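Down below is the structure, laid out as C-alpha cells.
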Amino acid sequence: MQVEPLVIDVKGMHYTPLNKQIRAAVASGVREIVLNNVLGQRFIANGLRGDVRITVNGVPGGDLGMFMSGPECEVFGDAEHAPGNTMDSGTLVIHGSAGDAVAHSMRGGSVFVKGNIGYRGGIHMKEYEDKRPILAIGGTSHAFLGEYMAGGLILVLGIGHDPAVRDRGIGSGIHGGEIVIRGDVSERLLGVGAMKVEFTEEDLERISPVIKEFCERFDLDPSKFLDTHYCRIVPSSSRPFAGKYTWE
C-alpha cells in the first residue's frame, strides 16, 4: 500500500513519456504524485480518472487536466493555455495566472485560478445533468470571457483590479449559465446576447460556498467577498445569434 507520494523530476522530459508514467502509476494504485521542475510539459493529467492528487511544481504546458475525471491537480506556478479543457470532474488549483481558453468546453468540476487569465476564459462551458462546472478567478480576465457559454458558473473576484474586468465581449453568445463579477460592469463591455441582472442575497447564498472554497484554497479572508457587491451576467436569449441564420 502506497504511503509516500511518488516524486518525479521532469526536468527536460518530453510530455509523452511523462504522461505514460503518470497513467501507469495511477493504474498501479499510486494516489499521490509530485512533479518537480515542470516547464511546459503538455497534457498533464490528460484523461486521468480516479482518486488521485497531483502536485505540479513549475509551469505546465497547454491542456492541463484535459478530459480529466476525478483527480485533483494543484499547480504552484502559472499555467499555459486551456487548463481544464473539456474537464468532466475533479479540481484544478492554480496558484499563479493562466493563459487563454481556461476551462474551454468544461462540463464538470472546478478550476480555481489565484491570479489572472487570458482571453476567452470559460468559452463553451456547459452543464450536463447534475454536473455544473465552476471557473473561479481571483484576479481579472481578458476579452470574451464566457463566450458561447452554455452552462456553469464563472466567478471573477478582481483582486487588485478596479474594475474587476475592463475588456470587451463579456458573455458574447452566452445562452446558458452565469458570469458573476465583483463590482459593476459597464454595459459597453457586454457581448451579444448578454445582459446584466441584479445580484441578490439569494444569489450570494447560492455562490457563497464557491467563494469560501476559493478563499480556503489560497488562504484568503472570505469575509471580504461575502456581500452583494457583484454584477451578474446571464443570457438575454437561448438563441443569441438566431437572426444570423434565417433567410427570407
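Here's how to read the names in the C-alpha cells: chain A, B, ... by the order shown, residue numbers from 1 in each chain, ligand numbers from 1 in the order shown.
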Spatial neighbours of segment 145-149 of chain A, max dist 6 Å, only C-alpha atoms, sep filter under 4 positions, as number ranges by chain: A: 120-125, 170-174, 176
Please produce a file of those selected residues containing C-alpha atoms, as a compact mmCIF listing (two decimals), in the first residue's frame.
# COMPACT_ATOMS: atom_id res chain seq x y z
CA ARG A 120 -11.84 33.53 -23.92
CA GLY A 121 -11.92 32.09 -20.42
CA GLY A 122 -14.82 29.69 -19.97
CA ILE A 123 -15.58 29.52 -23.69
CA HIS A 124 -18.24 26.86 -24.41
CA MET A 125 -18.60 25.85 -20.76
CA ILE A 170 -18.17 39.52 -21.82
CA GLY A 171 -20.66 36.71 -22.40
CA SER A 172 -20.66 37.08 -26.17
CA GLY A 173 -23.10 34.45 -27.45
CA ILE A 174 -23.94 33.23 -23.95
CA GLY A 176 -26.75 29.29 -20.53
Any chance you could tabulate, as CSV, the residues of segment 192-236 of chain A at most 12 Å from segment 92-115 of chain A with each one's nearest atom pair and distance in Å to one decimal, using only C-alpha atoms, in chain and rising number order?
residue,atom,partner,partner_atom,distance
A:Val210,CA,A:Ser110,CA,9.3
A:Ile211,CA,A:Phe112,CA,10.3
A:Lys212,CA,A:Phe112,CA,11.8
A:Glu213,CA,A:Phe112,CA,9.2
A:Phe214,CA,A:Phe112,CA,6.6
A:Cys215,CA,A:Lys114,CA,9.2
A:Glu216,CA,A:Phe112,CA,10.9
A:Arg217,CA,A:Val93,CA,7.7
A:Phe218,CA,A:Lys114,CA,6.9
A:Asp219,CA,A:Lys114,CA,10.3
A:Leu220,CA,A:Lys114,CA,10.1
Segment 11-13 of chain A surroundings by only C-alpha atoms, 12 Å radius, close-in-sequence under 5 positions cut, as an NGL selection string: :A and (18-21 or 35-42 or 57-60)
Mind writing the picked residues with N, CA and C atoms as a tab-separated table (two decimals), in the first residue's frame?
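Now in part.tsv:
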chain	number	residue	atom	x	y	z
A	18	LEU	N	6.28	11.24	-19.91
A	18	LEU	CA	5.85	11.69	-18.59
A	18	LEU	C	4.41	11.27	-18.34
A	19	ASN	N	3.54	11.54	-19.28
A	19	ASN	CA	2.13	11.21	-19.08
A	19	ASN	C	1.88	9.71	-19.08
A	20	LYS	N	2.67	8.96	-19.82
A	20	LYS	CA	2.57	7.50	-19.75
A	20	LYS	C	2.96	7.01	-18.36
A	21	GLN	N	3.98	7.63	-17.79
A	21	GLN	CA	4.43	7.25	-16.44
A	21	GLN	C	3.37	7.58	-15.39
A	35	LEU	N	5.22	16.35	-9.11
A	35	LEU	CA	6.04	16.60	-10.30
A	35	LEU	C	6.89	17.84	-10.04
A	36	ASN	N	8.20	17.68	-10.07
A	36	ASN	CA	9.11	18.80	-9.84
A	36	ASN	C	9.76	19.25	-11.15
A	37	ASN	N	10.11	20.54	-11.18
A	37	ASN	CA	10.81	21.14	-12.33
A	37	ASN	C	10.00	21.04	-13.62
A	38	VAL	N	8.71	21.23	-13.49
A	38	VAL	CA	7.85	21.22	-14.68
A	38	VAL	C	8.05	22.52	-15.46
A	39	LEU	N	8.24	22.39	-16.77
A	39	LEU	CA	8.43	23.58	-17.61
A	39	LEU	C	7.89	23.28	-19.01
A	40	GLY	N	6.58	23.51	-19.18
A	40	GLY	CA	5.97	23.42	-20.49
A	40	GLY	C	5.47	22.05	-20.90
A	41	GLN	N	5.61	21.05	-20.06
A	41	GLN	CA	5.10	19.72	-20.44
A	41	GLN	C	3.58	19.76	-20.56
A	42	ARG	N	3.07	19.31	-21.68
A	42	ARG	CA	1.65	19.41	-22.00
A	42	ARG	C	0.86	18.19	-21.52
A	57	ASN	N	4.94	21.38	-9.50
A	57	ASN	CA	5.84	22.47	-9.11
A	57	ASN	C	6.52	22.99	-10.36
A	58	GLY	N	6.04	24.14	-10.83
A	58	GLY	CA	6.57	24.71	-12.06
A	58	GLY	C	5.44	25.22	-12.94
A	59	VAL	N	5.69	25.29	-14.23
A	59	VAL	CA	4.73	25.84	-15.19
A	59	VAL	C	4.34	24.75	-16.19
A	60	PRO	N	3.17	24.15	-16.04
A	60	PRO	CA	2.74	23.13	-17.00
A	60	PRO	C	2.35	23.75	-18.33
Given only C-alpha atoms as the counted atoms, nearest of A:Gly177, A:Pro83, A:Gly158, A:Gly77 to Arg232 of chain A: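 Among the listed residues, the smallest separation from Arg232 of chain A belongs to A:Gly177.
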Separation of atom CA of Ile134 of chain A from atom CA of Gly84 of chain A in Å: 10.4 Å
Counting only C-alpha atoms, the option among A:Asp9, A:Glu4, A:Glu178, A:Asp63 closest to Met195 of chain A: A:Glu178
From A:Val52, A:Ile44, A:Val192, A:Val180, residue lying nearest Ala79 of chain A [only C-alpha atoms]: A:Ile44
Proximity to Leu48 of chain A - best of A:Ser28, A:Ile181, A:Gly90, A:His14, only C-alpha atoms: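 Under the stated criterion, the closest residue is A:Gly90.
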